[in-house]
>>> print(open('entry19.cif').read())   # mmCIF, C-alpha atoms and all ligand atoms
data_model
#
loop_
_atom_site.label_atom_id
_atom_site.label_comp_id
_atom_site.auth_asym_id
_atom_site.auth_seq_id
_atom_site.Cartn_x
_atom_site.Cartn_y
_atom_site.Cartn_z
CA MET A 1477 112.67 -41.94 9.79
CA THR A 1478 110.35 -44.87 10.34
CA VAL A 1479 108.71 -45.75 13.65
CA GLY A 1480 108.55 -49.50 14.38
CA VAL A 1481 105.44 -50.81 16.14
CA LEU A 1482 105.95 -54.15 17.86
CA GLY A 1483 102.59 -55.79 18.68
CA ALA A 1484 99.91 -55.39 16.02
CA GLY A 1485 96.86 -55.69 18.31
CA ALA A 1486 94.20 -53.00 18.52
CA LEU A 1487 96.41 -50.34 20.14
CA GLY A 1488 99.43 -51.12 17.94
CA GLN A 1489 97.38 -50.75 14.79
CA LEU A 1490 95.73 -47.59 16.13
CA LEU A 1491 99.09 -45.90 16.75
CA ALA A 1492 100.44 -47.06 13.36
CA HIS A 1493 97.41 -45.48 11.63
CA GLN A 1494 97.82 -42.26 13.61
CA LEU A 1495 101.53 -42.03 12.76
CA ILE A 1496 100.75 -42.40 9.06
CA GLU A 1497 97.94 -39.82 9.32
CA HIS A 1498 100.56 -37.40 10.71
CA GLY A 1499 102.83 -38.12 7.76
CA LEU A 1500 105.28 -40.27 9.76
CA PRO A 1501 106.18 -43.63 8.21
CA ALA A 1502 105.37 -46.61 10.46
CA HIS A 1503 106.18 -50.31 10.15
CA LEU A 1504 104.40 -53.10 12.01
CA LEU A 1505 107.26 -55.31 13.22
CA THR A 1506 106.23 -58.91 12.68
CA ARG A 1507 107.50 -62.34 13.74
CA PRO A 1508 111.09 -63.16 12.75
CA GLY A 1509 111.68 -65.13 9.58
CA GLY A 1510 108.84 -63.69 7.48
CA GLN A 1511 108.93 -61.48 4.39
CA PRO A 1512 108.27 -57.74 4.30
CA GLU A 1513 104.83 -56.98 2.82
CA THR A 1514 102.29 -54.17 2.80
CA LEU A 1515 98.65 -54.93 3.60
CA PRO A 1516 95.48 -52.81 3.62
CA HIS A 1517 94.15 -51.89 7.10
CA GLN A 1518 91.08 -50.03 8.31
CA LEU A 1519 90.61 -47.74 11.28
CA ILE A 1520 87.17 -46.60 12.43
CA GLY A 1521 87.91 -43.31 14.18
CA LEU A 1522 86.20 -41.69 17.16
CA ASP A 1523 84.09 -39.75 14.63
CA GLY A 1524 82.75 -43.04 13.18
CA GLN A 1525 84.55 -42.46 9.84
CA THR A 1526 86.45 -45.36 8.30
CA ARG A 1527 89.99 -44.65 7.10
CA GLN A 1528 92.02 -47.00 4.92
CA ALA A 1529 95.79 -47.24 5.13
CA GLU A 1530 98.44 -49.45 3.62
CA LEU A 1531 100.58 -50.58 6.58
CA PRO A 1532 104.01 -52.05 5.83
CA ARG A 1533 104.98 -55.15 7.85
CA HIS A 1534 108.63 -55.86 8.46
CA PRO A 1535 110.05 -58.96 10.23
CA SER A 1536 111.55 -57.93 13.57
CA ASP A 1537 114.85 -59.75 12.95
CA ARG A 1538 115.66 -57.83 9.73
CA PRO A 1539 117.66 -54.61 10.12
CA ASN A 1540 115.56 -51.60 9.19
CA PRO A 1541 116.39 -47.90 9.71
CA LEU A 1542 114.06 -47.02 12.63
CA SER A 1543 114.01 -43.82 14.68
CA LEU A 1544 111.83 -45.18 17.51
CA VAL A 1545 110.18 -48.46 18.55
CA LEU A 1546 106.79 -48.60 20.29
CA VAL A 1547 106.15 -51.89 22.10
CA LEU A 1548 102.45 -52.75 22.34
CA THR A 1549 102.62 -56.49 22.89
CA LYS A 1550 100.98 -58.00 25.95
CA ALA A 1551 103.27 -57.78 29.01
CA HIS A 1552 104.00 -61.53 28.96
CA HIS A 1553 105.16 -61.45 25.31
CA CYS A 1554 107.25 -58.31 25.59
CA LEU A 1555 110.74 -59.69 26.32
CA GLU A 1556 110.40 -62.59 23.87
CA ALA A 1557 109.15 -60.25 21.12
CA LEU A 1558 112.02 -57.81 21.78
CA ALA A 1559 114.79 -60.43 21.53
CA PRO A 1560 115.11 -60.59 17.67
CA LEU A 1561 115.02 -56.78 17.45
CA MET A 1562 117.71 -56.34 20.08
CA THR A 1563 120.16 -58.33 17.93
CA TRP A 1564 120.49 -55.42 15.47
CA LEU A 1565 118.73 -52.28 16.79
CA PRO A 1566 121.27 -49.47 17.42
CA ASN A 1567 121.55 -48.51 21.10
CA SER A 1568 120.56 -44.94 20.34
CA VAL A 1569 117.04 -45.82 19.07
CA PRO A 1570 114.58 -45.34 21.96
CA VAL A 1571 112.35 -48.32 22.75
CA VAL A 1572 109.09 -47.43 24.52
CA LEU A 1573 107.32 -50.13 26.58
CA LEU A 1574 103.57 -49.42 26.59
CA HIS A 1575 101.98 -52.60 27.94
CA ASN A 1576 99.85 -52.90 31.10
CA GLY A 1577 101.43 -54.06 34.34
CA LEU A 1578 104.96 -53.88 35.69
CA GLY A 1579 107.93 -56.20 35.36
CA PRO A 1580 109.40 -55.93 31.84
CA GLN A 1581 110.12 -52.22 32.53
CA PHE A 1582 112.77 -53.47 35.02
CA GLU A 1583 113.73 -56.68 33.18
CA ALA A 1584 114.39 -55.22 29.69
CA PRO A 1585 116.98 -52.61 30.82
CA LYS A 1586 118.70 -55.35 32.86
CA ARG A 1587 118.80 -57.72 29.89
CA TRP A 1588 119.84 -55.08 27.30
CA PRO A 1589 121.57 -52.41 29.43
CA THR A 1590 123.09 -50.38 26.59
CA HIS A 1591 119.75 -49.52 24.95
CA SER A 1592 117.71 -46.39 25.49
CA TRP A 1593 114.58 -47.54 27.40
CA TRP A 1594 111.36 -45.60 27.84
CA ALA A 1595 108.06 -46.61 29.35
CA GLY A 1596 104.60 -45.18 29.13
CA SER A 1597 100.93 -45.78 29.29
CA LEU A 1598 97.94 -44.92 27.19
CA THR A 1599 94.37 -45.28 28.36
CA ASP A 1600 92.76 -45.16 24.91
CA GLY A 1601 90.05 -47.70 24.18
CA ALA A 1602 90.53 -49.70 20.97
CA LEU A 1603 88.84 -52.83 19.71
CA ARG A 1604 90.06 -55.21 17.04
CA LEU A 1605 87.00 -56.01 14.89
CA ALA A 1606 88.92 -58.17 12.39
CA PRO A 1607 92.65 -58.96 12.01
CA ARG A 1608 93.23 -55.69 10.07
CA GLN A 1609 90.29 -53.59 11.23
CA VAL A 1610 90.23 -51.65 14.51
CA ARG A 1611 87.84 -49.22 16.12
CA HIS A 1612 89.10 -46.37 18.31
CA THR A 1613 86.52 -46.40 21.12
CA GLY A 1614 87.86 -43.76 23.50
CA GLN A 1615 90.48 -41.02 23.58
CA GLY A 1616 92.77 -41.64 26.53
CA VAL A 1617 95.62 -39.96 28.35
CA ARG A 1618 99.08 -40.77 26.95
CA ARG A 1619 102.27 -40.43 28.98
CA ALA A 1620 105.84 -41.54 28.54
CA GLY A 1621 109.18 -41.00 30.21
CA PRO A 1622 112.72 -42.36 30.13
CA LEU A 1623 113.65 -45.31 32.37
CA GLY A 1624 117.23 -44.04 32.45
CA PRO A 1625 118.60 -40.48 32.64
CA ASP A 1626 116.27 -37.60 31.78
CA ALA A 1627 115.89 -37.03 28.03
CA PRO A 1628 113.66 -34.98 25.73
CA ILE A 1629 110.56 -36.79 24.47
CA PRO A 1630 111.14 -38.31 21.00
CA PRO A 1631 109.29 -36.14 18.42
CA ALA A 1632 107.10 -39.01 17.11
CA LEU A 1633 105.80 -39.68 20.65
CA ALA A 1634 104.95 -36.00 21.08
CA THR A 1635 103.18 -36.05 17.68
CA LEU A 1636 101.03 -38.94 18.96
CA GLY A 1637 99.99 -36.80 21.95
CA PHE A 1638 102.20 -38.43 24.59
CA GLU A 1639 102.98 -36.07 27.45
CA SER A 1640 106.48 -36.24 28.81
CA ASP A 1641 106.50 -37.58 32.39
CA PRO A 1642 109.87 -37.51 34.18
CA ASP A 1643 108.49 -39.81 36.92
CA ILE A 1644 106.98 -42.41 34.65
CA LEU A 1645 107.31 -45.24 37.20
CA ALA A 1646 104.97 -43.39 39.57
CA ALA A 1647 102.48 -42.94 36.71
CA LEU A 1648 102.76 -46.64 35.85
CA TRP A 1649 102.15 -47.55 39.49
CA GLN A 1650 98.95 -45.45 39.43
CA LYS A 1651 97.80 -47.18 36.24
CA LEU A 1652 98.67 -50.53 37.85
CA THR A 1653 96.45 -49.72 40.86
CA VAL A 1654 93.50 -49.38 38.46
CA ASN A 1655 94.33 -52.55 36.53
CA LEU A 1656 94.83 -54.47 39.82
CA VAL A 1657 91.17 -53.98 40.69
CA ILE A 1658 89.23 -53.59 37.44
CA ASN A 1659 90.91 -56.23 35.30
CA PRO A 1660 90.80 -59.32 37.54
CA LEU A 1661 87.34 -58.57 39.01
CA THR A 1662 85.76 -58.04 35.58
CA ALA A 1663 87.57 -61.11 34.20
CA ARG A 1664 86.52 -63.30 37.15
CA ASP A 1665 82.86 -62.26 37.02
CA ARG A 1666 82.72 -61.66 33.23
CA VAL A 1667 81.16 -58.21 33.63
CA PRO A 1668 81.83 -54.84 31.97
CA ASN A 1669 83.85 -52.28 33.94
CA GLY A 1670 80.73 -50.32 34.98
CA ALA A 1671 79.38 -53.30 36.97
CA LEU A 1672 82.07 -52.59 39.59
CA LEU A 1673 80.17 -49.44 40.62
CA LYS A 1674 77.46 -51.62 42.20
CA ALA A 1675 77.18 -51.65 46.01
CA ALA A 1676 77.84 -55.40 46.17
CA TYR A 1677 81.43 -54.90 44.93
CA GLN A 1678 82.39 -52.11 47.32
CA PRO A 1679 83.63 -54.17 50.31
CA GLU A 1680 85.93 -56.27 48.09
CA ILE A 1681 87.17 -53.18 46.20
CA ALA A 1682 87.89 -51.42 49.52
CA ALA A 1683 89.88 -54.45 50.78
CA LEU A 1684 91.89 -54.70 47.52
CA CYS A 1685 92.66 -50.96 47.72
CA GLN A 1686 93.84 -51.28 51.36
CA GLU A 1687 96.35 -53.95 50.33
CA ILE A 1688 97.51 -51.86 47.34
CA THR A 1689 98.02 -48.86 49.64
CA ALA A 1690 100.11 -50.85 52.13
CA LEU A 1691 102.39 -52.07 49.33
CA GLY A 1692 102.48 -48.62 47.65
CA GLN A 1693 103.65 -47.11 50.94
CA ALA A 1694 106.49 -49.66 51.17
CA LEU A 1695 107.51 -49.07 47.52
CA GLY A 1696 107.62 -45.28 47.86
CA TYR A 1697 104.21 -44.45 46.34
CA PRO A 1698 102.31 -43.32 49.46
CA GLU A 1699 98.62 -42.64 48.95
CA PRO A 1700 95.49 -43.15 51.09
CA ALA A 1701 93.35 -46.20 50.21
CA GLU A 1702 90.42 -43.83 49.48
CA ALA A 1703 92.48 -42.09 46.76
CA VAL A 1704 93.21 -45.46 45.12
CA ARG A 1705 89.52 -46.46 45.38
CA ASP A 1706 88.37 -43.09 43.93
CA ARG A 1707 90.74 -43.55 40.97
CA VAL A 1708 89.48 -47.09 40.36
CA LEU A 1709 85.82 -46.03 40.51
CA THR A 1710 86.43 -42.96 38.31
CA VAL A 1711 87.99 -45.19 35.61
CA ALA A 1712 85.20 -47.80 36.01
CA GLN A 1713 82.66 -45.00 35.48
CA ALA A 1714 84.52 -43.45 32.51
CA THR A 1715 84.89 -46.87 30.83
CA ALA A 1716 81.59 -48.34 32.09
CA ALA A 1717 80.66 -50.02 28.81
CA ASN A 1718 84.19 -51.43 28.18
CA ARG A 1719 85.10 -55.03 28.64
CA SER A 1720 88.54 -54.90 30.25
CA SER A 1721 91.50 -56.24 28.30
CA MET A 1722 91.77 -59.14 30.78
CA LEU A 1723 88.11 -60.06 30.33
CA GLN A 1724 88.61 -59.98 26.54
CA ASP A 1725 91.62 -62.29 26.91
CA VAL A 1726 89.72 -64.71 29.16
CA GLU A 1727 86.76 -64.78 26.76
CA ALA A 1728 89.06 -65.43 23.81
CA GLY A 1729 90.92 -68.21 25.70
CA ARG A 1730 94.22 -66.24 25.50
CA PRO A 1731 96.82 -65.94 28.30
CA THR A 1732 96.10 -62.85 30.40
CA GLU A 1733 98.33 -60.10 31.83
CA LEU A 1734 97.56 -61.39 35.37
CA PRO A 1735 101.27 -62.25 36.02
CA ALA A 1736 102.37 -58.64 35.25
CA ILE A 1737 99.45 -57.17 37.23
CA THR A 1738 98.42 -59.23 40.29
CA GLY A 1739 101.50 -61.45 39.97
CA TYR A 1740 103.76 -58.39 40.18
CA LEU A 1741 101.95 -57.12 43.30
CA LEU A 1742 102.13 -60.52 45.01
CA ALA A 1743 105.83 -60.95 44.22
CA GLU A 1744 106.64 -57.52 45.65
CA ALA A 1745 104.40 -58.21 48.68
CA ARG A 1746 106.24 -61.49 49.30
CA ARG A 1747 109.59 -59.72 49.04
CA LEU A 1748 108.46 -57.10 51.56
CA GLU A 1749 106.62 -59.64 53.75
CA LEU A 1750 103.25 -57.93 53.39
CA PRO A 1751 100.12 -60.07 53.41
CA CYS A 1752 97.74 -59.54 50.48
CA PRO A 1753 95.03 -62.18 51.04
CA HIS A 1754 92.39 -60.53 48.84
CA HIS A 1755 94.69 -60.21 45.81
CA ARG A 1756 95.98 -63.74 46.43
CA ARG A 1757 92.44 -65.14 46.38
CA LEU A 1758 91.60 -63.13 43.26
CA MET A 1759 94.72 -64.46 41.50
CA ALA A 1760 93.84 -68.03 42.52
CA SER A 1761 90.32 -67.63 41.12
CA LEU A 1762 91.77 -66.69 37.71
CA ALA A 1763 95.00 -68.65 37.41
CA PRO A 1764 94.70 -71.63 35.05
CA ALA A 1765 94.09 -74.87 36.98
O1 LIG B 1 93.43 -50.56 31.09
C1 LIG B 1 92.33 -51.07 31.10
C2 LIG B 1 92.25 -52.44 30.56
O2 LIG B 1 91.16 -52.93 30.26
O3 LIG B 1 93.33 -53.05 30.45
C3 LIG B 1 91.15 -50.36 31.72
C4 LIG B 1 91.62 -48.98 32.16
C5 LIG B 1 90.67 -51.13 32.93
C6 LIG B 1 90.04 -50.10 30.75
O4 LIG B 1 89.29 -51.22 30.42
#
>>> encode(input="entry19.cif", output="structure tokens", more="lines below")
Ligand code: KPL
Amino acid sequence: MTVGVLGAGALGQLLAHQLIEHGLPAHLLTRPGGQPETLPHQLIGLDGQTRQAELPRHPSDRPNPLSLVLVLTKAHHCLEALAPLMTWLPNSVPVVLLHNGLGPQFEAPKRWPTHSWWAGSLTDGALRLAPRQVRHTGQGVRRAGPLGPDAPIPPALATLGFESDPDILAALWQKLTVNLVINPLTARDRVPNGALLKAAYQPEIAALCQEITALGQALGYPEPAEAVRDRVLTVAQATAANRSSMLQDVEAGRPTELPAITGYLLAEARRLELPCPHHRRLMASLAPA
């Protein structure tokens, strides 16, 4: 049965191409009210080869026999984009939230409690070169796990190389710790990820990691600040030439995922009465005036 992909940005298109390459039908789920259509798309793979595929688009408010839904919208569009789908999608069809940041992973199951919710992360690099042309720039690690009771990984997710992770919230927290440092700093200073390896950034990175560790401890994700910093610097090194997704959003004048990244941390810190002055300043330097 068909896999629905909500969010046709670079990663959404990449996964739709990969599903079709594996012989699994995929539909890009588009804004409500439109007409179904099929359009030619291009993927430039890691090997530099260009592949063409005809990707069907199906409005998200029209019932459609789906076996799985992958949500690759930005965090701040996730709940709004899900609403038309939730009016008809059977409860048994797993919905996998794959955006950066935290928040909708708790909100969506509260809003639609009878659905089968999953969450995950993928660290692949992908770049949209034109509306229907994407380049896969780096193979990443892919993980997913249920937000409710334990369940076997849906076959299409396994086919895409997602590893099953029974403690997906801990994995998402670890990904968040990386995004909390790399994304806002690179967006504020308009630098590629690798610039954060410079000595001048290290005191600020260390202070941000201290605050993350204090909150992680309180939330049940204990870890020394050095482990958080090592993870951040390892990712900055591995993705040195990348422009972070937040920097790309800032440069394109689009809303950023700051509310689901630094905003999430500050809201939790407020709730737990933990001061986070460095993250607060960073948020203030990026928040629209
Ligand atoms: O997830 C990322 C992002 O840009 O959103 C990182 C890992 C920082 C890679 O650029």
>>> closest_residue(input="entry19.cif", among="A:Leu1748, A:Ala1763, A:Leu1742, A:Met1477", to="Val1726 of chain A", atoms="all atoms listed in the file")
A:Ala1763
>>> residues_near_ligand(input="entry19.cif", ligand="ligand LIG 1 (chain B)", cutoff="8 Å", atoms="all atoms listed in the file", output="list in words")
Asn1576, Thr1599, Gly1601, Lys1651, Val1654, Asn1655, Ile1658, Asn1659, Asn1669, Val1711, Ala1712, Thr1715, Asn1718, Arg1719, Ser1720, Ser1721, Met1722 and Leu1723 of chain A
>>> atom_distance(input="entry19.cif", atom1="atom CA of Glu1497 of chain A", atom2="atom CA of Gly1596 of chain A")
21.6 Å
>>> residues_around(input="entry19.cif", residues="Ala1602 of chain A", least_positions_apart="4", cutoff="10 Å", atoms="all atoms listed in the file", output="list of chain:residue names")
A:Gly1485, A:Ala1486, A:Leu1487, A:Gly1488, A:Gln1489, A:Leu1490, A:Leu1519, A:Ile1520, A:Gly1521, A:Leu1522, A:Val1610, A:Arg1611, A:His1612, A:Thr1613, A:Gly1614, A:Gln1615, A:Asn1718, A:Ser1721
>>> residues_around(input="entry19.cif", residues="segment 1548-1552 of chain A", least_positions_apart="2", cutoff="6 Å", atoms="only C-alpha atoms", output="list in words")
Leu1482, Gly1483, Gly1488, Cys1554, Leu1574 and His1575 of chain A
>>> atom_distance(input="entry19.cif", atom1="atom CA of Ala1682 of chain A", atom2="atom CA of Leu1734 of chain A")
19.8 Å
>>> residues_around(input="entry19.cif", residues="Gly1739 of chain A", least_positions_apart="5", cutoff="9 Å", atoms="only C-alpha atoms", output="PyMOL selection string")
chain A and resi 1733-1734+1744+1756+1759
>>> residues_around(input="entry19.cif", residues="Val1617 of chain A", least_positions_apart="4", cutoff="10 Å", atoms="all atoms listed in the file", output="list of chain:residue names")
A:Ser1597, A:Leu1598, A:Thr1599, A:Asp1600, A:Gly1637, A:Phe1638, A:Glu1639
>>> closest_residue(input="entry19.cif", among="A:Ala1557, A:Ala1694, A:Val1569, A:Leu1656", to="His1754 of chain A", atoms="all atoms listed in the file")
A:Leu1656
>>> axis_aligned_box(input="entry19.cif", around="segment 1545-1551 of chain A", padding_each_side="6 Å", output="lines of an AutoDock Vina configuration file")
center_x = 105.6
center_y = -53.2
center_z = 23.8
size_x = 21.2
size_y = 21.5
size_z = 22.5
>>> atom_distance(input="entry19.cif", atom1="atom CA of Leu1695 of chain A", atom2="atom CA of Gly1579 of chain A")
14.1 Å
>>> residues_around(input="entry19.cif", residues="Cys1752 of chain A", least_positions_apart="2", cutoff="10 Å", atoms="all atoms listed in the file", output="list in words")
Ala1683, Leu1684, Gln1686, Glu1687, Ile1688, Ala1690, Leu1691, Leu1741, Leu1742, Ala1745, Arg1746, Glu1749, Leu1750, His1754, His1755, Arg1756 and Arg1757 of chain A
>>> decode(input="entry19.cif", residues="segment 1705-1717 of chain A", atoms="N, CA and C atoms", output="compact mmCIF listing (two decimals), in the first residue's frame")
# COMPACT_ATOMS: atom_id res chain seq x y z
N ARG A 1705 29.06 18.42 24.42
CA ARG A 1705 29.96 19.23 23.57
C ARG A 1705 30.66 18.34 22.52
N ASP A 1706 31.10 17.15 22.93
CA ASP A 1706 31.78 16.25 21.97
C ASP A 1706 30.83 15.90 20.83
N ARG A 1707 29.57 15.63 21.18
CA ARG A 1707 28.59 15.26 20.14
C ARG A 1707 28.39 16.44 19.17
N VAL A 1708 28.26 17.63 19.73
CA VAL A 1708 28.06 18.83 18.90
C VAL A 1708 29.25 19.01 17.95
N LEU A 1709 30.47 18.90 18.51
CA LEU A 1709 31.65 19.15 17.68
C LEU A 1709 31.85 18.04 16.65
N THR A 1710 31.49 16.81 17.01
CA THR A 1710 31.60 15.69 16.05
C THR A 1710 30.67 15.94 14.87
N VAL A 1711 29.44 16.39 15.16
CA VAL A 1711 28.49 16.66 14.05
C VAL A 1711 28.96 17.87 13.25
N ALA A 1712 29.48 18.90 13.93
CA ALA A 1712 29.97 20.09 13.20
C ALA A 1712 31.10 19.69 12.25
N GLN A 1713 31.95 18.78 12.72
CA GLN A 1713 33.06 18.30 11.88
C GLN A 1713 32.53 17.48 10.69
N ALA A 1714 31.61 16.55 11.00
CA ALA A 1714 31.10 15.65 9.95
C ALA A 1714 30.28 16.42 8.90
N THR A 1715 29.71 17.57 9.30
CA THR A 1715 28.85 18.33 8.36
C THR A 1715 29.47 19.71 8.11
N ALA A 1716 30.83 19.77 8.18
CA ALA A 1716 31.53 21.06 8.17
C ALA A 1716 31.09 21.98 7.02
N ALA A 1717 30.86 21.42 5.85
CA ALA A 1717 30.55 22.28 4.70
C ALA A 1717 29.06 22.64 4.63
